[in-house]
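S.K.: Shown below is the structure under consideration.
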Amino acid sequence: MVLKRLHVSIWALALFGLPLFAQEGHGVTPADIQRGLLIYTSSCINCHGPDGDLISGVTLASGRFRRAQSDNDLIQIIQKGLPGTAMPPGAYTDDQASLLVAYLRSMSTSAKSTRNGPPGEPARGKALVESKGQCLNCHRIGNLGTVTGPDLTSIGGIRRLAEIETSLLDPSAEIRPENRPVRATVKDGTKIAGTLMNQDTYTLQILDSKGKLRSLYKANLRDYELLKISPMPNFKDKFTAQEMSDVISYLVSLKGLR
Amino acid sequence: MVLKRLHVSIWALALFGLPLFAQEGHGVTPADIQRGLLIYTSSCINCHGPDGDLISGVTLASGRFRRAQSDNDLIQIIQKGLPGTAMPPGAYTDDQASLLVAYLRSMSTSAKSTRNGPPGEPARGKALVESKGQCLNCHRIGNLGTVTGPDLTSIGGIRRLAEIETSLLDPSAEIRPENRPVRATVKDGTKIAGTLMNQDTYTLQILDSKGKLRSLYKANLRDYELLKISPMPNFKDKFTAQEMSDVISYLVSLKGLR
Amino acid sequence: MRRTILSLLALAATLAAQTPFDRLVNADKDPANWLTYSGTLDGQRYSRLTQVTPANAKDLELKWVLQTRAPAEPNSKYEATSLVSDGVLYTVQPPNVVVALDAVNGKIFWTYPYNPAPQARACCGRVNRGLAILGNTLFMGTLDGNLIALDARDGHVIWNTQVGRPEAGYSVTVAPLVVKDKVIVGPAGGEYGISGYLAAYSAETGKELWRFNTIPKPGEPGHETWENDAWKHGGGSIWTTGSYDPALNLLYWGIGNASPDWNGDVRPGDNLYTSSVLALDPDTGNLKWHFQFTPHDEFDFDATQVPVLADITWAGKPRKVMLFANRNGYFYVLDRQTGEFLLGKPFVKVTWANGLDAKGRPIRVGHSTPEGSLIYPENQGGTNWYNPAYSPRTGLFYIPSWLDTHSINTSRAEPYREGMPFNGGSATHEVPALRPGPTNKRLPELASGAIQALDPKTGAVKWQFKMMDVTDSGVLVTASDVVFAGGREGYFYALDARTGAPLWKAMVGGAVSAGPTTYAVDGKQYISIPAGNAIFTFGLR
Amino acid sequence: MRRTILSLLALAATLAAQTPFDRLVNADKDPANWLTYSGTLDGQRYSRLTQVTPANAKDLELKWVLQTRAPAEPNSKYEATSLVSDGVLYTVQPPNVVVALDAVNGKIFWTYPYNPAPQARACCGRVNRGLAILGNTLFMGTLDGNLIALDARDGHVIWNTQVGRPEAGYSVTVAPLVVKDKVIVGPAGGEYGISGYLAAYSAETGKELWRFNTIPKPGEPGHETWENDAWKHGGGSIWTTGSYDPALNLLYWGIGNASPDWNGDVRPGDNLYTSSVLALDPDTGNLKWHFQFTPHDEFDFDATQVPVLADITWAGKPRKVMLFANRNGYFYVLDRQTGEFLLGKPFVKVTWANGLDAKGRPIRVGHSTPEGSLIYPENQGGTNWYNPAYSPRTGLFYIPSWLDTHSINTSRAEPYREGMPFNGGSATHEVPALRPGPTNKRLPELASGAIQALDPKTGAVKWQFKMMDVTDSGVLVTASDVVFAGGREGYFYALDARTGAPLWKAMVGGAVSAGPTTYAVDGKQYISIPAGNAIFTFGLR
């Protein structure tokens with residue numbers, strides 16, 4: 001099998017890598033914050049939201065915490081939960097909890113937007129997504145669309161504004177592992193496209209372009225490739241600045257089911 | 001295979017059975033207390049001791065608890081532990097925790113002794129155990145003795161005085177499941193004796209009388225039996241009242257390793 | 001390159017539904033798949049696959065294992081029956097982690113790790129018994145009382161509906177049943193004094209379409225079987241899946257115990273529809289008939305077994321019957337059109353009743369008492385939720401049994417408090433209700449389990465395969481006359497469906513507490529079973 | 001009857017010791033048993049059993065599984081190598097649950113569920129790598145810093161000695177090594193700034209008999225390689241078992257990283273004896289020689305691999321050597337009598353050093369920096385504690401490798417605080433250090449694992465069996481030229497020891513993070529491997 005056009009992104013490493021050890025609140029590095037974000041995204045975001053403000057009365061990005069004075073207090077809460085509240089205990093090592101704290105501390109200062117567009121109108125954005133943007137040819141929003149691209153039903157609930165902007169302006173800048181496109185050619189020449197779900201020494205698990213879950217056996221493939229270039233078009237020049245603002249405001253409003 | 005001379009002891013049921021549901025501090029039954037004892041014996045006794053007084057400053061049998069006013073407080077401590085102390089959280093259901101509380105509440109009133117013997121002298125008791133009583137032919141205490149009978153190294157740390165008395169005066173009154181003697185005859189007539197470690201549809205696991213762990217395959221046995229009569233002699237008439245007191249005081253003093 | 005990819009992806013716009021309801025109705029003709037909890041809507045767990053036979057079952061070998069990745073919780077058990085649709089196996093690791101994997105090689109496609117809210121109550125284990133599927137949608141009940149619809153292709157949530165309030169003890173552990181365009185479930189919680197119901201939700205939107213109160217409210221028929229306002233917390237839980245007869249258009253469902261479990265004195269009367277089986281119109285939820293196995297239950301004798309629908313010869317004539325081996329120790333045959341009692345016979349030692357009368361009503365001789373009464377069978381029952389199977393080939397009904405166990409049933413006055421156990425007593429018994437301990441040192445007469453084969457025409461035990469420990473395993477039978485089942489000892493067995501002779505066994509090292517499934521991919525038959533914290537799949541060498 | 005029983009029981013008074021030290025020395029002649037961590041004291045993991053061959057390995061089938069009963073903890077891994085003595089298999093389920101079971105059928109005799117104190121620190125997983133046995137006594141280190149002696153017959157505690165203070169980060173995860181009448185262990189804790197030592201305890205009483213400071217104290221040789229009082233928290237942990245040469249009476253042991261891991265600036269000097277291998281007199285603990293693989297380590301490159309002792313032909317003459325594939329990416333051959341460096345060659349991509357000099361000292365070109373430096377191999381290493389194997393038949397050295405991985409190593413000033421992580425930085429890498437996730441979506445160039453076969457005479461890779469994901473599995477090789485190993489993907493493999501060709505595989509559904517053992521009972525060979533939360537045992541049909 002052939003693997004082509006692959007290169008290593010240091011930034012992707014920082015995003016995907018899991019921490020082995022961490023710091024203790026001293027000299028936090030950008031890498032620590034990225035690793036904290038990773039944990040936040042997998043464990044906290046569903047309740048607290050991407051901006052840490054989804055629970056009424058709790059604003060993680062404020063840098064102030066009702067029940068915690070110090071980083072150690074925060075670590076205790078992260079590990080042991082808050083009895084009498086919905087905050088569950090979490091099986092985090094001290095190191096992982098410290099990385100989470102590093103990320104929480106960083107939230108208040110992280111940029112909200114990288115562009116200075118006009119104010120957006122979600123209703124117009126919805127129309128653009130469903131028509132001009134042709135987004136539902138690949139994406140799903142609620143009961144509409146398809147499953148070959150990432151599900152956008154809750155995109156505003158799991159991604160920060162700046163991340164959504166980046167996805168529209170430079171789709172290949174960061175392909176998250178859960179959205180990795182795969183392309184394969186069977187020995188008889190048949191082409192197969194889909195999204196990578198899993199892989200091992202002998203097989204690839206994909207959701208193929210017909211919406212079917214299937215294993216591909218490498219022994220039966222002429223070649224295959226995990227794409228580093230997103231199949232999503234770049235919308236920088238497709239949308240006007242106003243349209244871009246509208247679309248972004250609509251996507252940010254999609255909090256879906258959680 | 002043949003299973004003979006077996007009968008059901010209601011009392012044993014109460015001791016061995018595990019609770020499915022429990023009460024909530026109302027109308028505690030003797031069965032609840034017995035079931036609480038079972039949990040206590042498996043989970044609490046190693047730190048708190050059979051009389052609940054092994055941890056300095058903590059006397060469970062007193063019926064008073066520094067950090068708990070109500071049964072619900074106790075349940076909380078049992079389930080969640082005491083942060084900052086050696087008391088760990090325990091994976092108990094509400095029901096199980098309630099049974100434990102029922103047992104704790106009962107400890108203060110349960111009898112300490114069933115006989116009115118003279119005061120005992122542990123040193124004399126030790127000599128009796130090692131000579132006249134021939135206890136080490138079957139039992140182990142520290143590095144002495146054998147493993148065919150129950151290990152007595154920590155017997156004072158895991159059994160209450162009244163239980164030790166009963167074992168000496170009426171050994172078959174209660175054979176704990178972990179001390180179940182087994183006797184088998186192989187098809188060729190060979191006799192095998194040992195302690196039951198485990199069993200299933202096809203096999204018995206035993207520690208045989210030579211100190212060897214082995215599986216017996218039922219298909220190879222002529223018959224086998226789990227004994228309801230303890231192989232231990234009754235010491236009621238073997239020891240004088242003074243000797244009995246001495247032996248009991250020695251056994252109670254054996255706190256061993258924990 | 002990009003153009004190629006995009007045009008391929010565009011195909012996705014025209015996706016066909018994976019599993020329409022027709023497939024469920026005709027599941028018997030499609031034995032390569034396992035599309036409902038019981039395999040077919042009649043609850044038979046009878047597979048038409050015949051590749052594995054009594055002659056070659058000894059050649060079964062391990063194909064793959066999938067262990068749970070999430071840490072096991074101390075009181076969880078793996079009770080889910082897997083679904084298989086077109087080579088994808090869907091399972092629920094406890095408590096509510098849905099995993100979609102390749103049924104041939106065990107590799108995961110996706111996981112949906114739902115984490116129940118901390119206020120979820122689980123009287124008897126953090127469990128889930130499986131999924132339902134319709135079209136491209138999976139349905140799962142949750143320990144915290146919700147019903148969730150997931151896209152079967154990627155595990156994304158489509159909708160999430162609350163079935164009952166977890167803080168009041170309502171949880172959903174049952175595998176839902178899809179009938180037409182509806183998803184049928186109800187709440188567990190018989191040990192928390194819930195007031196039960198069976199409800200139908202729109203598969204498309206999650207909207208509730210009807211609700212049948214298993215504890216009739218004032219003005220509803222059956223309410224007269226309750227006194228003292230006891231109906232308010234009368235139990236009647238739902239926690240094992242029902243069955244459906246498309247020809248009669250009748251939905252059958254077994255109902256849980258009365259609350260408080262052991263104290264019947266506070267609820268005089270028969271306490272309908274606890275410990276009963278119901279026949280309902282699935283379009284409306286209207287009751288067609290009911291049969292109560294244990295009126296005024298005092299022993300926690302839920303009737304939450306799968307009603308097995310069979311067409312047999314009865315007194316020389318074909319008859320549509322329901323086979324029901326009950327927790328109370330009796331095996332029943334009912335006419336499933338009318339609910340008429342045809343036969344009732346104990347399959348284990350029974351002391352709480354001195355037989356049944358002509359209408360099938362027990363002649364009660366035992367009661368829970370404040371002092372404690374020794375009752376056969378123990379409160380875990382002669383059998384329990386563990387699914388039975390029926391083979392139209394052998395004409396035998398296969399059940400997992402706890403042979404001749406007993407418990408001491410103690411009643412007690414106990415006030416209802418929301419969200420707290422409301423048992424009115426307890427049962428002391430030899431066998432732990434939840435996970436087995438690492439070793440079994442019980443005296444053999446105190447507990448044993450068996451797979452029993454009953455002749456529905458007489459209730460006679462034709463054969464039984466006895467185990468040293470009890471079993472929480474479901475049973476599967478195939479058209480090649482092989483029975484599959486396991487037990488707490490960690491063995492998974494193939495037995496001869498006609499004789500009970502063991503054909504093959506595997507030591508899987510954890511208790512089997514779920515029903516086996518069998519399916520085929522590319523012409524090869526597989527048998528899959530959860531055990532301990534893992535799922536094991538076997539096939540011929 | 002009672003008389004009969006008593007007289008039978010009386011036999012028990014004369015029990016012979018099960019496993020005297022002679023048996024450990026001569027373990028190679030007794031391949032039915034697996035009596036030490038590495039099978040033999042030379043660390044080879046080479047079994048003389050030959051029943052399973054390259055020709056029949058395809059006929060291996062599952063014999064039994066034992067799943068852990070205790071709930072798995074989220075950061076635990078099952079890393080213990082099993083011991084087998086006379087048909088009884090002893091294993092340690094994480095973190096410290098000892099189980100004795102029948103090696104033929106998997107049934108449990110007893111369990112000793114030690115529960116580590118809550119103050120136990122585990123930088124990198126709640127793990128235990130196994131037991132030692134001598135006579136009738138088993139020895140286990142505990143996560144909270146103790147060494148415990150258990151009666152192998154019933155699991156009762158004989159003694160319990162503290163090796164190090166858990167609240168200061170001392171834990172014992174290593175499988176102890178018995179030499180004569182002593183039990184050798186030392187503390188892990190290199191990420192908590194411990195000051196390490198290797199210590200010998202009386203097997204009979206648990207009394208400490210000697211202690212060798214792996215971080216020399218003032219006045220001890222090697223102390224001069226530390227500045228700034230950094231020795232006080234210099235690391236030098238013990239967490240993988242050593243080996244022993246009875247003819248030379250030398251004990252060999254690999255030593256952990258310097259602390260703080262990534263910040264070398266606070267500890268100028270070579271930092272002996274971190275990242276070194278030591279040769280000690282086991283009677284006294286006196287140092288005979290040492291060799292430091294990674295002087296002044298800045299990348300967490302512990303030298304905690306098993307030193308493998310082999311007698312090979314070197315430059316035409318027989319020579320007693322030590323084979324050591326190091327976490328730092330180099331494979332080393334040393335003269336084990338003198339410590340002389342004979343050969344050093346990278347087996348994976350290495351960028352932190354530009355080769356080794358004539359004495360084997362690395363020519364350092366990379367450092368951890370405050371900005372972060374990209375270094376090959378990643379800090380998990382080219383290999384790690386996962387045990388290697390050596391076959392005197394093939395003359396090949398088999399290692400589990402992480403091929404060409406890298407990490408970004410960042411240094412940082414960090415004060416020492418007792419019991420808190422003391423890393424002085426961190427490594428960011430692609431592959432999680434602990435449990436794998438449920439699915440692998442990594443780009444293939446970012447990580448892969450392999451079993452590599454090295455020619456010790458040249459360091460050349462003779463073959464490698466490549467996996468898509470990395471592996472934490474140990475390796476076993478048999479005298480019939482079969483290599484056994486697994487990986488994170490959940491496969492357990494038999495490979496041809498001469499070619500690396502896969503002969504057989506089983507999908508066990510959990511990561512393999514331990515070393516396989518092989519043993520025989522009644523003339524039948526078994527291969528056993530922990531994976532996920534279970535242990536799987538295979539044998540021929």
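All residue names refer to the structure tokens as shown: chains lettered A, B, ... in order, residues numbered from 1 in each chain, ligands numbered from 1 in order.
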Using DSSP on the backbone coordinates, identify all residues within region 33-228 of chain B classified as strand (DSSP E or B); present the result as a ChimeraX atom specification.

M.R.: /B:65,68,140-141,144-145,151,181-186,191-199,203-208,213-217,221-226

S.K.: Got time to write the residues from that selection, C-alpha atoms, as a JSON list (two decimals), in the first residue's frame?

M.R.:
```json
[["chain", "number", "residue", "atom", "x", "y", "z"],
["B", 65, "PHE", "CA", -19.87, 9.25, 65.78],
["B", 68, "ALA", "CA", -22.20, 11.87, 61.81],
["B", 140, "ARG", "CA", -1.11, -21.64, 61.56],
["B", 141, "ILE", "CA", -0.11, -18.82, 63.89],
["B", 144, "LEU", "CA", 4.25, -21.88, 63.14],
["B", 145, "GLY", "CA", 1.81, -24.62, 62.25],
["B", 151, "ASP", "CA", -5.06, -19.28, 59.86],
["B", 181, "PRO", "CA", -13.53, -29.06, 54.68],
["B", 182, "VAL", "CA", -13.87, -31.28, 51.64],
["B", 183, "ARG", "CA", -13.35, -35.01, 51.30],
["B", 184, "ALA", "CA", -13.24, -36.90, 48.03],
["B", 185, "THR", "CA", -12.61, -40.40, 46.75],
["B", 186, "VAL", "CA", -10.98, -40.84, 43.39],
["B", 191, "LYS", "CA", -8.91, -40.60, 49.45],
["B", 192, "ILE", "CA", -8.29, -36.88, 49.25],
["B", 193, "ALA", "CA", -8.91, -34.36, 52.02],
["B", 194, "GLY", "CA", -8.50, -30.65, 52.04],
["B", 195, "THR", "CA", -10.14, -27.25, 52.28],
["B", 196, "LEU", "CA", -12.53, -26.06, 49.60],
["B", 197, "MET", "CA", -11.16, -23.03, 47.75],
["B", 198, "ASN", "CA", -13.63, -22.90, 44.86],
["B", 199, "GLN", "CA", -15.89, -25.13, 42.80],
["B", 203, "THR", "CA", -14.19, -29.12, 39.18],
["B", 204, "LEU", "CA", -13.37, -28.52, 42.82],
["B", 205, "GLN", "CA", -10.41, -26.36, 43.79],
["B", 206, "ILE", "CA", -8.85, -27.44, 47.06],
["B", 207, "LEU", "CA", -5.84, -26.89, 49.25],
["B", 208, "ASP", "CA", -5.12, -30.50, 49.98],
["B", 213, "LEU", "CA", -3.36, -26.35, 45.52],
["B", 214, "ARG", "CA", -5.09, -28.59, 43.01],
["B", 215, "SER", "CA", -8.23, -29.03, 40.97],
["B", 216, "LEU", "CA", -10.25, -32.19, 41.33],
["B", 217, "TYR", "CA", -12.26, -33.12, 38.26],
["B", 221, "LEU", "CA", -14.17, -38.84, 41.43],
["B", 222, "ARG", "CA", -16.18, -41.70, 42.83],
["B", 223, "ASP", "CA", -17.77, -39.27, 45.28],
["B", 224, "TYR", "CA", -17.07, -36.11, 47.23],
["B", 225, "GLU", "CA", -18.56, -34.25, 50.14],
["B", 226, "LEU", "CA", -18.42, -30.76, 51.61]]
```

S.K.: For chain A, report every residue with an atom at most 12 Å from chain B (counting only C-alpha atoms), formatted as JSON, numbers by chain.

M.R.: {"A": [76, 80, 81, 83, 84, 89]}

S.K.: Please write the residues from the selection above to a file, keeping N, CA and C atoms, as a PDB file, in the first residue's frame.

M.R.:
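Written out: out_27.pdb:
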```
ATOM      1  N   GLN A  76      -8.904  19.858  43.087  1.00  0.00           N
ATOM      2  CA  GLN A  76      -9.768  19.047  43.958  1.00  0.00           C
ATOM      3  C   GLN A  76     -11.167  18.913  43.371  1.00  0.00           C
ATOM      4  N   LYS A  80     -12.703  15.483  42.368  1.00  0.00           N
ATOM      5  CA  LYS A  80     -13.685  14.925  43.297  1.00  0.00           C
ATOM      6  C   LYS A  80     -15.110  15.368  43.024  1.00  0.00           C
ATOM      7  N   GLY A  81     -15.290  16.306  42.101  1.00  0.00           N
ATOM      8  CA  GLY A  81     -16.626  16.779  41.835  1.00  0.00           C
ATOM      9  C   GLY A  81     -17.115  17.687  42.952  1.00  0.00           C
ATOM     10  N   PRO A  83     -20.126  17.672  45.477  1.00  0.00           N
ATOM     11  CA  PRO A  83     -21.310  16.978  45.990  1.00  0.00           C
ATOM     12  C   PRO A  83     -22.501  17.935  46.065  1.00  0.00           C
ATOM     13  N   GLY A  84     -23.635  17.424  45.691  1.00  0.00           N
ATOM     14  CA  GLY A  84     -24.834  18.258  45.717  1.00  0.00           C
ATOM     15  C   GLY A  84     -25.044  19.066  44.456  1.00  0.00           C
ATOM     16  N   PRO A  89     -17.341  13.649  39.981  1.00  0.00           N
ATOM     17  CA  PRO A  89     -15.909  13.422  40.132  1.00  0.00           C
ATOM     18  C   PRO A  89     -15.331  12.939  38.805  1.00  0.00           C
TER      19      PRO A  89
END
```

S.K.: For chain B, report every residue with an atom at most 6 Å from chain D (counting only C-alpha atoms), formatted as a list of chain:residue names.

M.R.: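 Output check: B:Thr146, B:Met197, B:Ser209, B:Lys210, B:Pro231.
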
S.K.: Write the selection just made, keeping all heavy atoms, as a short mmCIF file (atom, residue, chain, number, x, y, z; two decimals), in the first residue's frame?

M.R.:
```cif
data_model
loop_
_atom_site.label_atom_id
_atom_site.label_comp_id
_atom_site.auth_asym_id
_atom_site.auth_seq_id
_atom_site.Cartn_x
_atom_site.Cartn_y
_atom_site.Cartn_z
N THR B 146 0.46 -25.26 60.39
CA THR B 146 0.20 -25.68 59.02
C THR B 146 -0.99 -24.91 58.47
O THR B 146 -1.65 -24.15 59.19
CB THR B 146 -0.12 -27.18 58.96
OG1 THR B 146 -1.31 -27.41 59.71
CG2 THR B 146 1.01 -28.00 59.54
N MET B 197 -11.53 -24.39 48.15
CA MET B 197 -11.16 -23.03 47.75
C MET B 197 -12.16 -22.46 46.75
O MET B 197 -12.37 -21.27 46.68
CB MET B 197 -9.76 -23.03 47.12
CG MET B 197 -8.67 -23.72 47.93
SD MET B 197 -8.34 -22.93 49.52
CE MET B 197 -7.10 -21.72 49.07
N SER B 209 -4.41 -31.79 51.86
CA SER B 209 -3.81 -31.97 53.19
C SER B 209 -2.29 -31.96 53.12
O SER B 209 -1.62 -31.89 54.14
CB SER B 209 -4.31 -33.28 53.79
OG SER B 209 -4.07 -34.34 52.89
N LYS B 210 -1.72 -32.01 51.93
CA LYS B 210 -0.27 -31.89 51.79
C LYS B 210 0.13 -30.44 51.51
O LYS B 210 1.30 -30.16 51.23
CB LYS B 210 0.22 -32.79 50.67
CG LYS B 210 -0.08 -34.27 50.88
CD LYS B 210 0.75 -35.13 49.93
CE LYS B 210 0.53 -36.61 50.21
NZ LYS B 210 -0.76 -37.10 49.68
N PRO B 231 -13.89 -30.81 61.29
CA PRO B 231 -12.92 -31.80 61.75
C PRO B 231 -12.24 -31.38 63.05
O PRO B 231 -11.52 -32.16 63.66
CB PRO B 231 -11.91 -31.87 60.60
CG PRO B 231 -12.07 -30.61 59.84
CD PRO B 231 -13.47 -30.12 60.07
#
```

S.K.: When you draw a straight line from CA of Arg393 (chain D) to CA of Thr81 (chain D), how long is it in Å?

M.R.: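 Interatomic distance, CA of Arg393 (chain D) to CA of Thr81 (chain D): 23.4 Å.
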
S.K.: Just the residues within 8 Å of Asp28 (chain D), please, counting only C-alpha atoms, with nothing from its chain fewer than 5 positions along; format it as an NGL selection string.

M.R.: :D and (39-40 or 47-48)

S.K.: Now that the selection is made, can you save its residues with all heavy atoms as an mmCIF file, in the first residue's frame?

M.R.:
```cif
data_model
loop_
_atom_site.group_PDB
_atom_site.id
_atom_site.type_symbol
_atom_site.label_atom_id
_atom_site.label_comp_id
_atom_site.auth_asym_id
_atom_site.auth_seq_id
_atom_site.Cartn_x
_atom_site.Cartn_y
_atom_site.Cartn_z
ATOM 1 N N GLY D 39 11.346 -15.622 33.611
ATOM 2 C CA GLY D 39 11.367 -17.053 33.336
ATOM 3 C C GLY D 39 12.658 -17.695 33.812
ATOM 4 O O GLY D 39 12.642 -18.727 34.480
ATOM 5 N N THR D 40 13.761 -17.090 33.462
ATOM 6 C CA THR D 40 15.069 -17.528 33.960
ATOM 7 C C THR D 40 15.785 -16.304 34.503
ATOM 8 O O THR D 40 15.469 -15.160 34.141
ATOM 9 C CB THR D 40 15.889 -18.183 32.833
ATOM 10 O OG1 THR D 40 15.847 -17.323 31.681
ATOM 11 C CG2 THR D 40 15.316 -19.544 32.450
ATOM 12 N N SER D 47 12.032 -19.950 26.409
ATOM 13 C CA SER D 47 11.489 -21.171 26.992
ATOM 14 C C SER D 47 11.939 -22.378 26.195
ATOM 15 O O SER D 47 11.909 -22.366 24.961
ATOM 16 C CB SER D 47 9.961 -21.113 27.014
ATOM 17 O OG SER D 47 9.442 -22.404 27.287
ATOM 18 N N ARG D 48 12.319 -23.414 26.903
ATOM 19 C CA ARG D 48 12.723 -24.660 26.241
ATOM 20 C C ARG D 48 11.522 -25.501 25.810
ATOM 21 O O ARG D 48 11.711 -26.583 25.265
ATOM 22 C CB ARG D 48 13.619 -25.475 27.186
ATOM 23 C CG ARG D 48 15.126 -25.173 27.077
ATOM 24 C CD ARG D 48 15.486 -23.854 27.679
ATOM 25 N NE ARG D 48 16.919 -23.572 27.659
ATOM 26 C CZ ARG D 48 17.450 -22.393 27.998
ATOM 27 N NH1 ARG D 48 16.646 -21.382 28.343
ATOM 28 N NH2 ARG D 48 18.751 -22.208 27.974
#
```

S.K.: Taking only C-alpha atoms into account, which residues of chain D are within 9 Å of chain C, as a VMD selection string?

M.R.: chain D and resid 61 to 75 105 to 111 435 to 439 490 506 to 510 532 to 536

S.K.: Would you list the contacts of Ser70 (chain A) as a list of chain:residue names, taking every protein, DNA or RNA residue within 12 Å and counting only C-alpha atoms, but skipping same-chain residues closer than 4 positions in sequence?

M.R.: A:Glu24, A:Gly25, A:Gly63, A:Arg64, A:Phe65, A:Arg66, A:Leu74, A:Ile75, A:Gln76, A:Ile77, A:Ser98, A:Val101, A:Arg105

S.K.: Hey, can you spit out that residue selection with N, CA, C and O atoms as a tab-separated table (two decimals), in the first residue's frame?

M.R.:
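Written output follows (again34.tsv):
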```
chain	number	residue	atom	x	y	z
A	24	GLU	N	2.58	22.28	37.25
A	24	GLU	CA	1.80	22.47	38.47
A	24	GLU	C	1.43	23.93	38.67
A	24	GLU	O	1.50	24.44	39.77
A	25	GLY	N	1.08	24.59	37.60
A	25	GLY	CA	0.69	25.99	37.73
A	25	GLY	C	1.84	26.96	37.61
A	25	GLY	O	1.69	28.15	37.85
A	63	GLY	N	-12.19	33.39	35.00
A	63	GLY	CA	-10.99	33.32	35.83
A	63	GLY	C	-11.30	33.39	37.32
A	63	GLY	O	-10.40	33.34	38.15
A	64	ARG	N	-12.59	33.52	37.66
A	64	ARG	CA	-12.97	33.54	39.08
A	64	ARG	C	-13.90	32.37	39.34
A	64	ARG	O	-14.78	32.07	38.52
A	65	PHE	N	-13.70	31.73	40.49
A	65	PHE	CA	-14.44	30.51	40.78
A	65	PHE	C	-15.02	30.62	42.18
A	65	PHE	O	-14.30	30.90	43.13
A	66	ARG	N	-16.33	30.38	42.28
A	66	ARG	CA	-17.00	30.55	43.56
A	66	ARG	C	-16.41	29.66	44.65
A	66	ARG	O	-16.25	30.06	45.78
A	74	LEU	N	-9.12	24.06	42.56
A	74	LEU	CA	-9.72	23.66	41.28
A	74	LEU	C	-9.43	22.20	40.98
A	74	LEU	O	-10.28	21.46	40.51
A	75	ILE	N	-8.20	21.80	41.25
A	75	ILE	CA	-7.82	20.41	41.00
A	75	ILE	C	-8.68	19.47	41.84
A	75	ILE	O	-9.17	18.44	41.37
A	76	GLN	N	-8.90	19.86	43.09
A	76	GLN	CA	-9.77	19.05	43.96
A	76	GLN	C	-11.17	18.91	43.37
A	76	GLN	O	-11.74	17.83	43.34
A	77	ILE	N	-11.71	20.02	42.89
A	77	ILE	CA	-13.07	19.98	42.34
A	77	ILE	C	-13.10	19.12	41.08
A	77	ILE	O	-14.00	18.32	40.88
A	98	SER	N	-4.10	19.43	36.37
A	98	SER	CA	-3.32	20.66	36.27
A	98	SER	C	-3.39	21.24	34.87
A	98	SER	O	-3.47	22.46	34.69
A	101	VAL	N	-6.64	22.95	34.50
A	101	VAL	CA	-6.59	24.27	35.15
A	101	VAL	C	-5.84	25.26	34.27
A	101	VAL	O	-6.27	26.41	34.10
A	105	ARG	N	-7.51	28.67	33.05
A	105	ARG	CA	-6.89	29.97	33.31
A	105	ARG	C	-6.65	30.73	32.01
A	105	ARG	O	-6.59	31.96	32.00
```

S.K.: For Gly381 (chain C), please output as a CSV table (one decimal) with N, CA, C and O atoms, in the first residue's frame all residues within 7 Å (counting only C-alpha atoms; exclusion window: fewer than 6 positions along the same chain).

M.R.:
```csv
chain,number,residue,atom,x,y,z
C,301,PHE,N,-42.0,-10.9,43.0
C,301,PHE,CA,-42.1,-11.8,41.8
C,301,PHE,C,-42.6,-11.0,40.6
C,301,PHE,O,-43.7,-11.2,40.1
C,327,ARG,N,-41.1,-15.9,37.1
C,327,ARG,CA,-40.2,-15.8,38.3
C,327,ARG,C,-40.8,-16.5,39.5
C,327,ARG,O,-40.1,-17.0,40.4
C,328,ASN,N,-42.2,-16.6,39.5
C,328,ASN,CA,-42.8,-17.2,40.7
C,328,ASN,C,-42.7,-18.7,40.7
C,328,ASN,O,-43.2,-19.4,41.7
C,329,GLY,N,-42.1,-19.3,39.7
C,329,GLY,CA,-41.8,-20.7,39.7
C,329,GLY,C,-42.7,-21.6,38.9
C,329,GLY,O,-42.5,-22.8,38.7
C,402,TRP,N,-33.2,-21.2,38.2
C,402,TRP,CA,-32.5,-21.3,39.5
C,402,TRP,C,-33.2,-22.4,40.2
C,402,TRP,O,-34.3,-22.3,40.7
```
